[in-house]
$ cat input_9.csv   # CSV, C-alpha atoms and all ligand atoms
chain,number,residue,atom,x,y,z
R,844,MET,CA,28.2,21.4,35.0
R,845,PRO,CA,31.1,20.1,37.1
R,846,ALA,CA,30.3,17.6,39.8
R,847,LEU,CA,30.1,19.1,43.3
R,848,PRO,CA,33.0,18.1,45.5
R,849,ARG,CA,31.9,15.9,48.3
R,850,PHE,CA,31.3,17.6,51.6
R,851,THR,CA,34.1,16.4,53.9
R,852,GLY,CA,33.2,18.4,57.1
R,853,ASP,CA,31.6,16.8,60.1
R,854,LEU,CA,28.0,17.7,60.9
R,855,THR,CA,28.2,16.1,64.3
R,856,ARG,CA,31.3,17.7,65.6
R,857,GLN,CA,31.0,20.2,68.4
R,858,GLU,CA,33.5,23.0,69.0
R,859,PRO,CA,36.0,22.5,71.7
R,860,LEU,CA,35.2,24.1,75.0
R,861,PRO,CA,36.7,27.6,75.7
R,862,GLN,CA,40.0,27.6,77.6
R,863,GLU,CA,38.3,29.3,80.5
R,864,ALA,CA,35.9,26.3,80.9
R,865,ILE,CA,38.9,23.9,80.8
R,866,ASP,CA,40.7,26.0,83.4
R,867,ALA,CA,37.6,26.1,85.6
R,868,VAL,CA,37.2,22.3,85.4
R,869,ASN,CA,40.8,21.8,86.3
R,870,ALA,CA,40.4,24.1,89.4
R,871,VAL,CA,37.4,21.9,90.6
R,872,LEU,CA,39.4,18.7,90.0
R,873,GLU,CA,42.4,20.1,91.9
R,874,SER,CA,40.2,21.1,94.8
R,875,GLY,CA,38.7,17.7,95.0
R,876,ARG,CA,35.3,19.2,95.8
R,877,LEU,CA,33.2,17.7,93.0
R,878,HIS,CA,29.9,17.4,94.8
R,879,ARG,CA,27.8,20.5,94.9
R,880,TYR,CA,27.2,20.4,98.7
R,881,GLU,CA,30.9,19.9,99.7
R,882,PRO,CA,31.5,22.7,102.0
R,883,VAL,CA,34.1,25.4,101.2
R,884,PRO,CA,33.6,27.7,104.1
R,885,GLY,CA,32.4,31.1,102.9
R,886,GLU,CA,32.4,30.1,99.2
R,887,GLU,CA,29.7,29.4,96.7
R,888,SER,CA,29.8,26.0,94.8
R,889,GLU,CA,30.1,26.0,91.0
R,890,ALA,CA,26.6,24.4,90.8
R,891,SER,CA,25.1,27.1,92.9
R,892,ALA,CA,26.8,29.9,91.0
R,893,LEU,CA,25.6,28.4,87.7
R,894,GLU,CA,22.0,28.5,89.0
R,895,ARG,CA,22.4,32.1,90.0
R,896,GLU,CA,23.9,33.1,86.7
R,897,TYR,CA,21.5,31.1,84.6
R,898,ALA,CA,18.4,32.5,86.5
R,899,ASP,CA,19.7,35.9,85.8
R,900,TRP,CA,20.4,35.3,82.1
R,901,GLN,CA,17.0,33.6,81.7
R,902,GLY,CA,15.1,36.3,83.6
R,903,ARG,CA,13.5,34.0,86.2
R,904,PRO,CA,14.0,34.2,89.9
R,905,TYR,CA,14.7,30.5,90.4
R,906,CYS,CA,16.9,27.9,88.7
R,907,LEU,CA,17.9,24.4,89.5
R,908,ALA,CA,20.9,22.5,88.0
R,909,LEU,CA,20.3,18.9,87.2
R,910,ALA,CA,21.9,15.7,85.9
R,911,SER,CA,20.1,15.9,82.5
R,912,GLY,CA,17.4,17.6,80.5
R,913,GLY,CA,15.2,14.5,80.9
R,914,GLN,CA,15.5,14.8,84.7
R,915,ALA,CA,14.5,18.5,84.5
R,916,LEU,CA,11.3,17.3,82.6
R,917,GLN,CA,10.6,14.6,85.1
R,918,ILE,CA,11.1,16.7,88.2
R,919,ALA,CA,9.0,19.5,86.7
R,920,LEU,CA,6.1,17.0,86.2
R,921,ARG,CA,6.4,15.8,89.8
R,922,ALA,CA,6.8,19.3,91.2
R,923,ALA,CA,3.7,20.3,89.2
R,924,GLY,CA,1.7,17.6,91.1
R,925,VAL,CA,1.5,15.0,88.3
R,926,ARG,CA,0.6,11.6,89.9
R,927,PRO,CA,0.8,8.0,88.6
R,928,GLY,CA,-2.0,7.4,86.2
R,929,ASP,CA,-2.6,11.1,85.4
R,930,PRO,CA,-2.9,12.0,81.7
R,931,VAL,CA,-0.3,14.5,80.4
R,932,LEU,CA,-0.8,16.3,77.1
R,933,ALA,CA,2.3,16.7,74.8
R,934,ASN,CA,2.8,17.6,71.2
R,935,ALA,CA,3.5,14.5,69.1
R,936,PHE,CA,6.6,15.9,67.4
R,937,THR,CA,9.3,15.7,70.2
R,938,LEU,CA,12.2,13.6,71.3
R,939,ALA,CA,12.1,10.4,73.2
R,940,PRO,CA,13.1,12.0,76.6
R,941,VAL,CA,9.7,13.7,76.7
R,942,PRO,CA,7.4,10.6,76.6
R,943,GLY,CA,10.1,9.0,78.7
R,944,ALA,CA,9.8,11.6,81.4
R,945,ILE,CA,6.0,11.2,81.4
R,946,ALA,CA,6.4,7.5,81.7
R,947,ALA,CA,9.0,7.9,84.5
R,948,VAL,CA,6.4,9.6,86.7
R,949,GLY,CA,3.9,6.9,85.9
R,950,ALA,CA,1.7,9.3,84.0
R,951,GLU,CA,0.1,8.7,80.6
R,952,ALA,CA,1.0,10.7,77.5
R,953,ARG,CA,-1.8,12.0,75.4
R,954,LEU,CA,-0.3,13.3,72.2
R,955,VAL,CA,-1.5,16.4,70.4
R,956,GLU,CA,-1.2,16.9,66.6
R,957,ILE,CA,1.3,19.3,65.0
R,958,ASN,CA,0.8,21.3,61.9
R,959,GLU,CA,3.0,21.7,58.8
R,960,ASP,CA,4.9,24.5,60.5
R,961,LEU,CA,6.0,21.8,63.0
R,962,VAL,CA,4.3,23.3,66.1
R,963,ILE,CA,1.4,22.1,68.2
R,964,ASP,CA,-2.0,22.3,66.5
R,965,LEU,CA,-4.0,24.7,68.7
R,966,ASP,CA,-7.3,23.3,67.5
R,967,ASP,CA,-6.4,19.8,68.4
R,968,LEU,CA,-5.1,21.1,71.8
R,969,ALA,CA,-8.4,22.9,72.4
R,970,ARG,CA,-10.3,19.6,71.6
R,971,LYS,CA,-8.1,17.6,74.1
R,972,ALA,CA,-7.5,20.3,76.8
R,973,ASP,CA,-10.1,18.9,79.2
R,974,GLN,CA,-8.4,15.5,79.2
R,975,ALA,CA,-5.5,16.6,81.4
R,976,LYS,CA,-4.2,19.2,83.9
R,977,VAL,CA,-0.7,19.5,82.5
R,978,LEU,CA,0.7,20.2,79.0
R,979,MET,CA,4.3,19.4,78.4
R,980,LEU,CA,5.0,21.7,75.4
R,981,SER,CA,8.1,20.7,73.5
R,982,HIS,CA,9.5,23.5,71.4
R,983,MET,CA,10.9,20.8,69.2
R,984,ARG,CA,13.8,21.7,67.0
R,985,GLY,CA,13.3,25.3,68.0
R,986,HIS,CA,9.9,25.9,66.5
R,987,GLN,CA,7.6,27.9,68.7
R,988,CYS,CA,3.8,28.0,68.3
R,989,ASP,CA,1.8,31.2,68.9
R,990,MET,CA,2.7,31.4,72.6
R,991,ASP,CA,0.1,34.1,73.3
R,992,ALA,CA,-2.7,32.0,71.9
R,993,LEU,CA,-1.4,28.9,73.6
R,994,MET,CA,-1.1,30.5,77.0
R,995,GLN,CA,-4.6,32.0,76.7
R,996,LEU,CA,-6.0,28.6,75.7
R,997,ALA,CA,-4.1,26.9,78.6
R,998,ASP,CA,-5.3,29.6,81.1
R,999,GLU,CA,-8.9,29.2,80.1
R,1000,ALA,CA,-8.7,25.4,80.3
R,1001,GLY,CA,-6.8,25.4,83.6
R,1002,LEU,CA,-3.8,23.6,82.0
R,1003,THR,CA,-0.4,24.0,83.7
R,1004,VAL,CA,2.3,24.4,80.9
R,1005,ILE,CA,5.7,22.9,81.3
R,1006,GLU,CA,8.0,24.0,78.5
R,1007,ASP,CA,10.6,21.7,77.1
R,1008,CYS,CA,13.2,24.2,75.9
R,1009,ALA,CA,15.9,21.7,74.9
R,1010,HIS,CA,16.1,23.5,71.5
R,1011,THR,CA,15.0,27.0,72.5
R,1012,MET,CA,17.6,28.0,75.0
R,1013,GLY,CA,18.1,31.6,74.1
R,1014,ALA,CA,15.1,31.8,71.7
R,1015,THR,CA,12.4,34.3,72.3
R,1016,TRP,CA,8.7,35.0,71.5
R,1017,ARG,CA,7.8,38.7,71.4
R,1018,GLY,CA,11.1,39.3,73.0
R,1019,ILE,CA,10.3,37.1,76.0
R,1020,ARG,CA,12.7,34.2,76.5
R,1021,SER,CA,11.3,30.7,75.7
R,1022,GLY,CA,10.7,29.0,79.0
R,1023,ASN,CA,9.3,32.1,80.7
R,1024,PHE,CA,5.7,31.5,79.6
R,1025,GLY,CA,4.7,28.3,81.5
R,1026,ARG,CA,5.1,27.2,85.1
R,1027,ALA,CA,8.6,25.9,84.3
R,1028,GLY,CA,11.3,26.0,81.6
R,1029,CYS,CA,13.3,22.8,81.1
R,1030,PHE,CA,16.7,23.0,79.4
R,1031,SER,CA,19.3,20.5,78.4
R,1032,THR,CA,23.1,21.0,78.4
R,1033,GLN,CA,23.7,17.7,76.6
R,1034,SER,CA,26.4,17.9,74.0
R,1035,TYR,CA,24.1,18.6,71.0
R,1036,LYS,CA,22.2,21.5,72.7
R,1037,HIS,CA,23.2,25.2,73.1
R,1038,LEU,CA,25.5,24.8,76.1
R,1039,ASN,CA,27.6,21.7,76.3
R,1040,SER,CA,28.5,19.7,79.5
R,1041,GLY,CA,28.1,16.3,77.9
R,1042,GLU,CA,25.0,15.7,80.0
R,1043,GLY,CA,23.1,18.2,82.2
R,1044,GLY,CA,19.9,20.0,82.7
R,1045,LEU,CA,18.5,23.3,84.0
R,1046,LEU,CA,15.0,24.0,85.4
R,1047,THR,CA,13.7,27.5,85.8
R,1048,SER,CA,10.5,28.9,87.3
R,1049,ALA,CA,9.0,31.9,89.0
R,1050,ASP,CA,6.8,29.8,91.3
R,1051,PRO,CA,8.4,29.5,94.8
R,1052,GLU,CA,6.4,26.5,96.0
R,1053,PHE,CA,7.0,24.6,92.7
R,1054,MET,CA,10.8,25.4,92.9
R,1055,ALA,CA,11.1,24.4,96.6
R,1056,ARG,CA,9.6,21.0,95.7
R,1057,ALA,CA,11.8,20.7,92.6
R,1058,ILE,CA,15.0,21.4,94.6
R,1059,LEU,CA,14.0,18.8,97.3
R,1060,LEU,CA,13.1,16.3,94.5
R,1061,SER,CA,16.5,16.8,92.9
R,1062,GLY,CA,18.1,15.3,96.0
R,1063,ALA,CA,19.0,18.3,98.2
R,1064,TYR,CA,19.3,16.3,101.4
R,1065,MET,CA,18.6,19.1,103.9
R,1066,LEU,CA,21.1,21.4,102.3
R,1067,TYR,CA,18.8,23.4,100.1
R,1068,GLU,CA,20.0,26.5,101.7
R,1069,ARG,CA,23.1,26.1,99.5
R,1070,HIS,CA,21.2,26.7,96.3
R,1071,GLY,CA,22.1,29.8,94.2
R,1072,ALA,CA,18.7,30.8,92.9
R,1073,ARG,CA,16.2,29.3,95.4
R,1074,PRO,CA,13.0,30.6,97.0
R,1075,PRO,CA,13.2,31.9,100.6
R,1076,LEU,CA,13.9,29.2,103.2
R,1077,ALA,CA,10.4,29.5,104.8
R,1078,VAL,CA,8.9,28.2,101.5
R,1079,PHE,CA,10.7,24.8,102.1
R,1080,ASN,CA,9.2,24.4,105.6
R,1081,ASP,CA,5.8,22.9,104.4
R,1082,VAL,CA,7.3,20.5,101.9
R,1083,ARG,CA,10.8,19.5,103.3
R,1084,LEU,CA,9.6,16.3,104.9
R,1085,SER,CA,6.9,15.3,102.4
R,1086,THR,CA,9.0,15.5,99.3
R,1087,PRO,CA,11.2,12.5,98.3
R,1088,ASN,CA,14.9,12.8,97.3
R,1089,MET,CA,15.3,11.5,93.8
R,1090,SER,CA,19.1,12.2,93.3
R,1091,ALA,CA,19.3,14.1,90.1
R,1092,ARG,CA,21.9,16.7,91.0
R,1093,MET,CA,24.5,18.4,88.8
R,1094,ASP,CA,28.1,18.2,90.0
R,1095,ASN,CA,30.6,21.0,90.2
R,1096,VAL,CA,32.6,19.8,87.3
R,1097,ARG,CA,29.8,20.2,84.8
R,1098,ALA,CA,28.7,23.5,86.3
R,1099,ALA,CA,32.3,24.8,86.1
R,1100,MET,CA,32.4,24.0,82.3
R,1101,LEU,CA,29.0,25.6,81.7
R,1102,ARG,CA,29.5,28.9,83.4
R,1103,PRO,CA,32.1,30.3,81.0
R,1104,GLN,CA,29.9,29.2,78.1
R,1105,LEU,CA,27.0,31.3,79.2
R,1106,PRO,CA,28.4,34.7,78.3
R,1107,ARG,CA,29.2,33.4,74.8
R,1108,LEU,CA,25.7,32.1,74.2
R,1109,GLU,CA,24.3,35.3,72.6
R,1110,SER,CA,27.1,35.5,70.1
R,1111,ASN,CA,26.8,31.7,69.3
R,1112,ILE,CA,23.2,32.3,68.6
R,1113,ARG,CA,24.1,34.9,66.0
R,1114,ARG,CA,26.6,32.4,64.5
R,1115,TRP,CA,24.1,29.6,64.4
R,1116,ASN,CA,21.5,31.8,62.7
R,1117,ARG,CA,24.0,33.0,60.1
R,1118,ILE,CA,24.7,29.3,59.2
R,1119,HIS,CA,21.0,28.4,59.4
R,1120,ASP,CA,19.8,31.3,57.2
R,1121,ARG,CA,22.5,30.8,54.6
R,1122,ILE,CA,21.7,27.2,54.1
R,1123,ALA,CA,17.9,27.9,54.3
R,1124,THR,CA,18.2,30.5,51.6
R,1125,GLY,CA,20.3,28.2,49.5
R,1126,ILE,CA,17.9,25.2,49.6
R,1127,ALA,CA,14.8,27.4,49.1
R,1128,GLN,CA,16.0,28.0,45.5
R,1129,SER,CA,14.6,24.5,44.8
R,1130,ALA,CA,10.9,24.5,44.1
R,1131,ARG,CA,10.6,21.0,45.5
R,1132,ILE,CA,11.8,22.2,48.9
R,1133,HIS,CA,9.4,23.6,51.4
R,1134,LEU,CA,10.7,25.4,54.6
R,1135,PRO,CA,8.4,25.6,57.6
R,1136,ARG,CA,7.2,29.1,58.3
R,1137,ARG,CA,8.1,31.1,61.4
R,1138,ALA,CA,6.0,33.8,62.9
R,1139,PRO,CA,7.5,37.3,63.1
R,1140,GLN,CA,7.3,37.2,66.9
R,1141,GLU,CA,9.7,34.3,66.9
R,1142,GLY,CA,13.4,34.8,67.8
R,1143,TYR,CA,14.8,31.5,66.9
R,1144,VAL,CA,18.2,29.7,67.4
R,1145,GLY,CA,19.1,28.0,64.1
R,1146,SER,CA,21.1,25.1,65.7
R,1147,SER,CA,19.4,22.8,63.2
R,1148,LEU,CA,17.3,23.1,60.1
R,1149,ARG,CA,14.3,21.3,58.7
R,1150,PHE,CA,12.7,21.1,55.3
R,1151,ALA,CA,9.9,19.1,53.7
R,1152,VAL,CA,9.8,17.6,50.3
R,1153,PRO,CA,6.0,17.5,49.7
R,1154,GLY,CA,4.8,14.3,48.0
R,1155,MET,CA,7.9,12.4,49.0
R,1156,THR,CA,7.3,8.6,49.4
R,1157,ALA,CA,8.9,6.4,52.0
R,1158,ALA,CA,11.2,4.9,49.4
R,1159,GLN,CA,12.2,8.4,48.2
R,1160,GLY,CA,12.8,9.5,51.8
R,1161,GLU,CA,15.3,6.6,52.2
R,1162,ALA,CA,16.9,7.3,48.9
R,1163,LEU,CA,17.3,11.0,49.7
R,1164,VAL,CA,19.0,10.2,53.0
R,1165,SER,CA,21.4,7.7,51.4
R,1166,ASP,CA,22.2,10.0,48.4
R,1167,ALA,CA,23.0,12.8,50.8
R,1168,ALA,CA,25.1,10.6,52.9
R,1169,GLU,CA,27.2,9.7,49.9
R,1170,ARG,CA,27.6,13.4,49.3
R,1171,GLY,CA,28.9,13.7,52.9
R,1172,VAL,CA,25.8,15.4,54.2
R,1173,ALA,CA,24.1,13.7,57.2
R,1174,LEU,CA,20.4,14.2,56.9
R,1175,LYS,CA,17.7,12.7,59.2
R,1176,TRP,CA,14.3,11.7,58.1
R,1177,PHE,CA,11.4,11.6,60.6
R,1178,GLY,CA,9.3,9.3,58.5
R,1179,ALA,CA,11.5,6.2,58.9
R,1180,SER,CA,9.7,3.2,60.2
R,1181,GLU,CA,12.4,2.3,62.8
R,1182,PRO,CA,14.1,4.8,65.2
R,1183,VAL,CA,17.5,5.9,63.9
R,1184,GLY,CA,19.9,7.3,66.5
R,1185,TYR,CA,18.3,10.4,68.1
R,1186,THR,CA,15.6,10.5,65.5
R,1187,SER,CA,12.4,8.7,66.2
R,1188,ASN,CA,8.7,9.4,65.9
R,1189,TYR,CA,5.7,8.7,68.2
R,1190,ASP,CA,5.1,5.3,66.5
R,1191,SER,CA,8.3,4.1,68.0
R,1192,TRP,CA,7.2,4.7,71.6
R,1193,ALA,CA,5.4,1.4,71.9
R,1194,TYR,CA,5.0,1.8,75.7
R,1195,LEU,CA,2.4,4.5,75.0
R,1196,PRO,CA,-1.2,3.6,74.3
R,1197,PRO,CA,-1.7,3.7,70.5
R,1198,GLN,CA,-2.4,7.2,69.3
R,1199,LEU,CA,-4.2,8.3,66.2
R,1200,LEU,CA,-2.4,11.3,64.7
R,1201,PRO,CA,-2.9,11.3,60.9
R,1202,GLN,CA,-1.9,15.0,60.5
R,1203,THR,CA,1.4,14.6,62.4
R,1204,ARG,CA,2.1,11.3,60.5
R,1205,ASN,CA,1.7,13.2,57.2
R,1206,VAL,CA,4.0,16.0,58.3
R,1207,LEU,CA,6.7,13.7,59.6
R,1208,ASP,CA,6.7,11.5,56.5
R,1209,GLY,CA,8.0,14.4,54.4
R,1210,LEU,CA,10.3,16.0,57.0
R,1211,ILE,CA,14.1,16.1,56.8
R,1212,ASP,CA,16.3,17.4,59.5
R,1213,LEU,CA,19.9,18.6,59.4
R,1214,ARG,CA,22.1,19.5,62.4
R,1215,LEU,CA,24.2,22.6,62.2
R,1216,PRO,CA,27.4,22.7,64.2
R,1217,LEU,CA,29.1,26.0,64.7
R,1218,THR,CA,32.2,24.7,63.0
R,1219,LEU,CA,30.6,25.3,59.5
R,1220,ASP,CA,31.9,28.3,57.5
R,1221,ASP,CA,30.1,30.1,54.5
R,1222,ASP,CA,31.7,27.8,51.9
R,1223,ASP,CA,30.6,24.7,53.9
R,1224,CYS,CA,27.0,26.2,54.0
R,1225,ASP,CA,26.9,26.8,50.3
R,1226,LEU,CA,28.3,23.4,49.5
R,1227,ILE,CA,25.8,21.7,51.8
R,1228,ALA,CA,22.9,23.7,50.3
R,1229,ALA,CA,24.0,22.7,46.7
R,1230,HIS,CA,24.2,19.0,47.7
R,1231,ILE,CA,20.7,19.1,49.3
R,1232,ARG,CA,19.3,20.8,46.2
R,1233,ALA,CA,20.9,18.3,43.9
R,1234,ALA,CA,19.9,15.3,45.9
R,1235,VAL,CA,16.2,16.5,46.1
R,1236,GLU,CA,16.1,17.4,42.4
R,1237,ARG,CA,17.3,13.9,41.5
R,1238,LEU,CA,14.4,12.2,43.2
R,1239,PRO,CA,12.1,10.8,40.6
R,1240,PHE,CA,8.7,12.3,41.2
R,1241,ALA,CA,5.6,10.6,39.7
R,1242,GLY,CA,3.8,13.9,39.3
R,1243,ALA,CA,3.2,14.0,43.1
R,1244,LEU,CA,3.9,17.7,43.4
R,1245,SER,CA,1.2,20.2,43.1
L,1,LIG,C1,17.8,16.7,74.3
L,1,LIG,C2,16.4,16.8,74.5
L,1,LIG,C3,15.8,16.7,75.8
L,1,LIG,C4,16.6,16.3,77.0
L,1,LIG,O1,17.5,15.4,76.8
L,1,LIG,P1,18.7,15.0,77.8
L,1,LIG,O2,19.5,14.1,76.9
L,1,LIG,O3,18.0,14.2,78.9
L,1,LIG,O4,19.4,16.2,78.3
L,1,LIG,C5,14.4,16.9,75.9
L,1,LIG,N1,13.7,17.2,74.9
L,1,LIG,C6,14.2,17.4,73.6
L,1,LIG,C7,13.3,17.8,72.5
L,1,LIG,C8,15.5,17.1,73.4
L,1,LIG,O5,16.1,17.3,72.2
$ encode --input "input_9.csv" --output "structure tokens" --more "lines below"
Ligand SMILES: *Cc1c(COP(=O)(O)O)cnc(C)c1O
Amino acid sequence: MPALPRFTGDLTRQEPLPQEAIDAVNAVLESGRLHRYEPVPGEESEASALEREYADWQGRPYCLALASGGQALQIALRAAGVRPGDPVLANAFTLAPVPGAIAAVGAEARLVEINEDLVIDLDDLARKADQAKVLMLSHMRGHQCDMDALMQLADEAGLTVIEDCAHTMGATWRGIRSGNFGRAGCFSTQSYKHLNSGEGGLLTSADPEFMARAILLSGAYMLYERHGARPPLAVFNDVRLSTPNMSARMDNVRAAMLRPQLPRLESNIRRWNRIHDRIATGIAQSARIHLPRRAPQEGYVGSSLRFAVPGMTAAQGEALVSDAAERGVALKWFGASEPVGYTSNYDSWAYLPPQLLPQTRNVLDGLIDLRLPLTLDDDDCDLIAAHIRAAVERLPFAGALS
């Protein structure tokens, strides 16, 4: 069999922004009005318009534009009433900004196990539900748990759910958008998410008091009237003087580049899923590769892909990543002992009290992750899948597979 040609594409390259976004940014720069509260008599700021449009797209009455996804998480925790020293539950498979946001408000993360489908283990959540009043649920890498069962459990236990939707912007459960189940949905517009403004965040909710506090926390000065998707002004009266300003606003430049991307999101989701499904089908031909299952209720956004190699040792995990790298395919492995770039696991967050999560540990040790930029075409997908199959098949297994 002829050797596969090396994959020479770039798995980390984003598409350029649409011309409309570039033009909108230029218009903001030319106007000089970069701050969201700079008055243009009779006009709505770009940040305010983005909030209105995103709220509409998401199907929530309220939306707040912020400096980052991490700030959205932090402000959501504060607006939900989390105080220093409070325990906050979170699924253990997530990205560093989640435990970071919990630490930023002085709270204490209590991690909950995940299962082999990469979602929160509802049995472990039920065991730990009485330890906290808030659950920060990270739909990590776009995998959603049974949201109906989770919300029922949370309601019964009196848990407020804050959804980290950094990887589920545009995803659905039973046709309902991810982020619309809990008290709040937190989104990121950092470059590797589904909308790209370099850095940025969006926070959505249907709870007027929660959103009034969040807007004030974001640093609204006393200009909250200028927000595009805010609760009625009367709601602010009770909290306007008792809520600190934490300066986490989004500026008009980023809002201007995001607005033209929003109408393209639905078609980008179809493009991502085509790439995702083609590679997933390709690698599933190897008996050594296990793909996490997805529930039929789940409408996912395939902006990245994960697979497990059951029985893989640490040495084999490292060998697989370096073999794939030589083939031009950048894989990430969640079992690494040291954090690598964006990829880390709960063991690396040494500022947390030690957590015992044997089931999660076991899942992460065998888990490989691949980012899927929209720049991939069908031939790229087939070549990537062939390389992954070949790299996995080459691993010397000592009868570890069942
Ligand atoms: C990107 C991301 C965030 C937010 O990150 P920012 O870089 O602060 O926008 C939160 N959670 C997860 C799982 C993420 O991947």
$ residues_near_ligand --input "input_9.csv" --ligand "ligand LIG 1 (chain L)" --cutoff "9 Å" --atoms "all atoms listed in the file" --output "count of residues only"
36
$ atom_distance --input "input_9.csv" --atom1 "CA of Met1100 (chain R)" --atom2 "CA of Leu1213 (chain R)"
26.6 Å
$ atom_distance --input "input_9.csv" --atom1 "CA of Pro1135 (chain R)" --atom2 "CA of Ala972 (chain R)"
25.5 Å
$ atom_distance --input "input_9.csv" --atom1 "CA of Phe1053 (chain R)" --atom2 "CA of Ala1099 (chain R)"
26.1 Å
$ residues_around --input "input_9.csv" --residues "Met994 (chain R)" --least-positions-apart "6" --cutoff "12 Å" --atoms "all atoms listed in the file" --output "ChimeraX atom specification"
/R:965,968-969,978,980,988,1000-1006,1023-1026
$ closest_residue --input "input_9.csv" --among "R:Gly1160, R:Pro1216, R:Gly1125, R:Gly1018" --to "Gly1142 (chain R)" --atoms "only C-alpha atoms"
R:Gly1018
$ closest_residue --input "input_9.csv" --among "R:Asp973, R:Gln901, R:Gln1104, R:Ala1077" --to "Ser1021 (chain R)" --atoms "only C-alpha atoms"
R:Gln901
$ residues_around --input "input_9.csv" --residues "Ala1228 (chain R)" --least-positions-apart "2" --cutoff "8 Å" --atoms "all atoms listed in the file" --output "PDB file with C-alpha atoms, keeping the file's coordinate frame"
ATOM      1  CA  ILE R1122      21.700  27.200  54.100  1.00  0.00           C
ATOM      2  CA  ALA R1123      17.900  27.900  54.300  1.00  0.00           C
ATOM      3  CA  GLY R1125      20.300  28.200  49.500  1.00  0.00           C
ATOM      4  CA  ILE R1126      17.900  25.200  49.600  1.00  0.00           C
ATOM      5  CA  CYS R1224      27.000  26.200  54.000  1.00  0.00           C
ATOM      6  CA  ASP R1225      26.900  26.800  50.300  1.00  0.00           C
ATOM      7  CA  LEU R1226      28.300  23.400  49.500  1.00  0.00           C
ATOM      8  CA  HIS R1230      24.200  19.000  47.700  1.00  0.00           C
ATOM      9  CA  ILE R1231      20.700  19.100  49.300  1.00  0.00           C
ATOM     10  CA  ARG R1232      19.300  20.800  46.200  1.00  0.00           C
TER      11      ARG R1232
END
